[in-house]
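Q: Got a structure for you, questions after.
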Amino acid sequence: MKIGTRTGSIGAEGENALPVAAELGFAGVEFSISARDPAGNILAEQAGWDTLKRQAAETGVTVCSLCVGNLGVMLTGDGAARRQGIEVATNAIAAAAFLDARVILCAMDAPADQPYDESFDRWVDGFGEIMPAAEQAGVVMAPESVGRTHPQSAERFQRLVAAVDSPQIGVYFDVGNAHTQGFDPAADLRDLGDLVSQIHTKEPDQIPLMGTGPLDWDAIFAAIEAIGYDGWLVLETSIGDDAHASAVYNREFLEKRLGIV
């Protein structure tokens, strides 16, 4: 396994993220773009992709994954917003292929007053338009429950993956979000098994340092081992009073768990 971080967890965005991650000892960085407001983001244009590719070569730090946030725009009755969400996601697939980042987190937010079954049907419809590009590019689209609307149990994730019915659909599992939503992260990891495409690591409730909150990390790492997961562990931790110090602490926490010297 390798240890990566989201840009926000090291307090660095855009073209600053890979150099800072290199200084802090990370192997990879996950970059995000909003489906609601993509303008100006480093992932929005080819020039940004070129910058990240050059920086990855210079620093030795991989762009380990991408994230398309606010994909709930696909679930509304606003046709223009839906089209923009699909366009941003499709563009992110091209960026991921260019940067050799093989997983895209799809943030499963939804309108707060929309019933789950309606959201589910609209998710399946939206992914139906996105997946052909993902399949052609060899990029995995991995829905993640963002903790605000429609908590995603293992059963709901399994149902969604089955309905989308693509070899390039998976699950981006967030152990902190699972706990916040009232689930057992270790049990859900075991239930999801090889559907898990990537994992976010953090404590819930904005606790900045892993191992100081309520999560049972012994059980979580036992589950990760049991399902044979060998991909990226990506920090989505809060920054605390010192973003760099917190990030290094959390990287070392994971390294000790993994037996990395």
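Identifiers in this document derive from the order of the structure tokens: chains are assigned A, B, ..., residues are numbered from 1 separately in each chain, and ligands are numbered from 1 in order of occurrence.
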Tell me, as a ChimeraX atom specification, which residues lie within 8 Å of Trp123 of chain A, counting only C-alpha atoms; anything in the same chain fewer than 3 positions away does not count.

A: /A:74-75,119-120,126-127

Q: Give the strand (DSSP E or B) residues of segment 29-148 of chain A, as DSSP finds them on the backbone, and put them as a ChimeraX atom specification.

A: /A:29-34,62-69,103-107,140-144

Q: Looking only at the backbone, which of the residues in segment 187-229 of chain A does DSSP tag as alpha helix (DSSP H), as number ranges by chain?

A: A: 187-192, 217-226

Q: With only C-alpha atoms as the basis for distance, which of A:Ala187, A:Val68, A:Arg122, A:Gly138 is at the shortest distance from Leu160 of chain A?

A: A:Arg122

Q: Give me the residues of segment 16-132 of chain A that have any atom at most 9 Å from an atom of segment 224-241 of chain A; for each, the nearest atom pair and the distance in Å, rounded to one decimal. Use only C-alpha atoms, sort by chain and number, and format it as a Markdown table.

A:
| residue | atom | partner | partner_atom | distance |
| --- | --- | --- | --- | --- |
| A:Gly28 | CA | A:Val234 | CA | 8.2 |
| A:Val29 | CA | A:Val234 | CA | 7.9 |
| A:Glu30 | CA | A:Val234 | CA | 7.6 |
| A:Cys64 | CA | A:Trp232 | CA | 7.5 |
| A:Ser65 | CA | A:Trp232 | CA | 9.0 |

Q: Those residues with N, CA and C atoms, as a compact mmCIF listing (two decimals), in the first residue's frame please?

A:
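Resulting contents of result-v4.txt:
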# COMPACT_ATOMS: atom_id res chain seq x y z
N GLY A 28 1.68 10.32 -2.87
CA GLY A 28 0.68 10.73 -3.84
C GLY A 28 -0.24 11.81 -3.31
N VAL A 29 -0.93 12.48 -4.22
CA VAL A 29 -1.88 13.54 -3.87
C VAL A 29 -3.16 13.34 -4.66
N GLU A 30 -4.29 13.53 -3.99
CA GLU A 30 -5.60 13.50 -4.63
C GLU A 30 -6.08 14.93 -4.85
N CYS A 64 -2.39 10.49 -7.33
CA CYS A 64 -2.89 9.14 -7.05
C CYS A 64 -4.35 8.96 -7.41
N SER A 65 -5.12 10.05 -7.43
CA SER A 65 -6.54 9.97 -7.73
C SER A 65 -7.08 11.38 -7.90

Q: Just how far from atom CA of Ala35 of chain A is atom CA of Ala154 of chain A, in Å to one decimal?

A: 25.2 Å

Q: Could you tell me which of A:Asp184, A:Asp113, A:Glu255, A:Glu129 comes closest to Ala89 of chain A if we count only C-alpha atoms?

A: A:Glu129

Q: Can you pull out every residue within 9 Å of Arg83 of chain A, counting only C-alpha atoms, but drop anything in the same chain fewer than 5 positions away, and send it as a list in words?

A: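 Skipping anything fewer than 5 positions along the chain leaves Val73, Met74, Asp78 and Val88 of chain A.
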
Q: Counting only C-alpha atoms, which of A:Tyr172, A:Trp49, A:Phe31, A:Phe26 gets nearest to Val248 of chain A?

A: A:Phe26

Q: What is the distance between atom CA of Gly176 of chain A and atom CA of Ala94 of chain A, in Å to one decimal?

A: 29.3 Å

Q: Counting only C-alpha atoms, what is within 12 Å of Asp216 of chain A, bar same-chain residues fewer than 5 positions away, as a PyMOL selection string?

A: chain A and resi 175-176+179+184-187+202-204+210-211+221-223

Q: I'd like to know which of A:Ser32, A:Gln168, A:Thr180, A:Thr59 is closest to Gly213 of chain A, using only C-alpha atoms.

A: A:Thr180

Q: Within 10 Å of Asp109 of chain A, counting only C-alpha atoms, which residues qualify if same-chain residues fewer than 6 places away don't, as a ChimeraX atom specification?

A: /A:69-75,119,143-151

Q: Near segment 54-57 of chain A, within 12 Å and counting only C-alpha atoms, which residues show up once chain neighbours fewer than 2 positions away are dropped, as a ChimeraX atom specification?

A: /A:14-22,26-29,47-52,59-64,98-101

Q: Write the selection just made, keeping N, CA and C atoms, as an mmCIF file, in the first residue's frame?

A:
data_model
loop_
_atom_site.group_PDB
_atom_site.id
_atom_site.type_symbol
_atom_site.label_atom_id
_atom_site.label_comp_id
_atom_site.auth_asym_id
_atom_site.auth_seq_id
_atom_site.Cartn_x
_atom_site.Cartn_y
_atom_site.Cartn_z
ATOM 1 N N GLY A 14 -3.743 23.324 -5.826
ATOM 2 C CA GLY A 14 -3.244 23.609 -7.158
ATOM 3 C C GLY A 14 -1.795 23.229 -7.343
ATOM 4 N N GLU A 15 -1.040 24.127 -7.941
ATOM 5 C CA GLU A 15 0.351 23.826 -8.287
ATOM 6 C C GLU A 15 1.270 23.783 -7.074
ATOM 7 N N ASN A 16 0.767 24.160 -5.897
ATOM 8 C CA ASN A 16 1.578 24.072 -4.680
ATOM 9 C C ASN A 16 1.535 22.690 -4.038
ATOM 10 N N ALA A 17 0.537 21.883 -4.377
ATOM 11 C CA ALA A 17 0.276 20.662 -3.612
ATOM 12 C C ALA A 17 1.370 19.598 -3.769
ATOM 13 N N LEU A 18 1.783 19.302 -4.979
ATOM 14 C CA LEU A 18 2.774 18.236 -5.163
ATOM 15 C C LEU A 18 4.119 18.582 -4.524
ATOM 16 N N PRO A 19 4.646 19.803 -4.685
ATOM 17 C CA PRO A 19 5.895 20.124 -3.989
ATOM 18 C C PRO A 19 5.781 20.035 -2.466
ATOM 19 N N VAL A 20 4.657 20.502 -1.911
ATOM 20 C CA VAL A 20 4.490 20.416 -0.450
ATOM 21 C C VAL A 20 4.382 18.957 -0.021
ATOM 22 N N ALA A 21 3.627 18.160 -0.767
ATOM 23 C CA ALA A 21 3.505 16.739 -0.428
ATOM 24 C C ALA A 21 4.857 16.052 -0.446
ATOM 25 N N ALA A 22 5.710 16.414 -1.392
ATOM 26 C CA ALA A 22 7.047 15.837 -1.451
ATOM 27 C C ALA A 22 7.846 16.191 -0.197
ATOM 28 N N PHE A 26 4.914 12.355 1.359
ATOM 29 C CA PHE A 26 3.801 11.587 0.793
ATOM 30 C C PHE A 26 4.156 11.051 -0.587
ATOM 31 N N ALA A 27 3.554 9.913 -0.912
ATOM 32 C CA ALA A 27 3.799 9.290 -2.215
ATOM 33 C C ALA A 27 2.839 9.786 -3.278
ATOM 34 N N GLY A 28 1.677 10.320 -2.867
ATOM 35 C CA GLY A 28 0.678 10.729 -3.840
ATOM 36 C C GLY A 28 -0.241 11.813 -3.305
ATOM 37 N N VAL A 29 -0.930 12.477 -4.224
ATOM 38 C CA VAL A 29 -1.881 13.544 -3.874
ATOM 39 C C VAL A 29 -3.162 13.338 -4.664
ATOM 40 N N ALA A 47 -3.690 22.888 -19.715
ATOM 41 C CA ALA A 47 -2.495 23.527 -19.168
ATOM 42 C C ALA A 47 -2.257 23.103 -17.722
ATOM 43 N N GLY A 48 -3.322 22.947 -16.955
ATOM 44 C CA GLY A 48 -3.183 22.484 -15.577
ATOM 45 C C GLY A 48 -2.715 21.045 -15.513
ATOM 46 N N TRP A 49 -3.242 20.229 -16.398
ATOM 47 C CA TRP A 49 -2.803 18.831 -16.446
ATOM 48 C C TRP A 49 -1.305 18.761 -16.753
ATOM 49 N N ASP A 50 -0.872 19.605 -17.701
ATOM 50 C CA ASP A 50 0.548 19.618 -18.070
ATOM 51 C C ASP A 50 1.415 20.011 -16.875
ATOM 52 N N THR A 51 0.948 20.995 -16.103
ATOM 53 C CA THR A 51 1.688 21.413 -14.906
ATOM 54 C C THR A 51 1.819 20.274 -13.914
ATOM 55 N N LEU A 52 0.710 19.588 -13.646
ATOM 56 C CA LEU A 52 0.751 18.486 -12.683
ATOM 57 C C LEU A 52 1.632 17.336 -13.170
ATOM 58 N N THR A 59 8.994 15.886 -8.773
ATOM 59 C CA THR A 59 8.957 15.607 -7.330
ATOM 60 C C THR A 59 8.959 14.120 -6.989
ATOM 61 N N GLY A 60 8.569 13.290 -7.952
ATOM 62 C CA GLY A 60 8.404 11.863 -7.668
ATOM 63 C C GLY A 60 7.126 11.545 -6.920
ATOM 64 N N VAL A 61 6.238 12.534 -6.780
ATOM 65 C CA VAL A 61 4.953 12.344 -6.096
ATOM 66 C C VAL A 61 3.865 12.132 -7.148
ATOM 67 N N THR A 62 3.112 11.063 -7.005
ATOM 68 C CA THR A 62 2.090 10.681 -7.967
ATOM 69 C C THR A 62 0.794 11.458 -7.756
ATOM 70 N N VAL A 63 0.097 11.753 -8.846
ATOM 71 C CA VAL A 63 -1.310 12.148 -8.722
ATOM 72 C C VAL A 63 -2.075 10.836 -8.567
ATOM 73 N N CYS A 64 -2.388 10.489 -7.326
ATOM 74 C CA CYS A 64 -2.886 9.137 -7.050
ATOM 75 C C CYS A 64 -4.355 8.958 -7.411
ATOM 76 N N PHE A 98 -4.695 11.060 -18.513
ATOM 77 C CA PHE A 98 -3.482 11.794 -18.862
ATOM 78 C C PHE A 98 -2.465 11.737 -17.733
ATOM 79 N N LEU A 99 -2.945 11.825 -16.495
ATOM 80 C CA LEU A 99 -2.069 11.869 -15.321
ATOM 81 C C LEU A 99 -1.796 10.489 -14.733
ATOM 82 N N ASP A 100 -2.350 9.446 -15.360
ATOM 83 C CA ASP A 100 -2.213 8.065 -14.889
ATOM 84 C C ASP A 100 -2.763 7.906 -13.470
ATOM 85 N N ALA A 101 -3.852 8.629 -13.187
ATOM 86 C CA ALA A 101 -4.585 8.474 -11.928
ATOM 87 C C ALA A 101 -5.802 7.617 -12.237
#

Q: Could you pull the residues within 7 Å of Val196 of chain A, counting only C-alpha atoms, minus those fewer than 5 positions along the same chain, as a list in words?

A: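 The contact residues come out as Gly170, Val171, Tyr172 and Phe173 of chain A.
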
Q: Keeping C-alpha atoms for every residue in the selection just given, could you write it to a file as an mmCIF file, in the first residue's frame?

A:
data_model
loop_
_atom_site.group_PDB
_atom_site.id
_atom_site.type_symbol
_atom_site.label_atom_id
_atom_site.label_comp_id
_atom_site.auth_asym_id
_atom_site.auth_seq_id
_atom_site.Cartn_x
_atom_site.Cartn_y
_atom_site.Cartn_z
ATOM 1 C CA GLY A 170 -16.226 0.742 -7.614
ATOM 2 C CA VAL A 171 -16.510 2.219 -4.113
ATOM 3 C CA TYR A 172 -14.346 4.896 -2.539
ATOM 4 C CA PHE A 173 -14.642 3.970 1.125
#
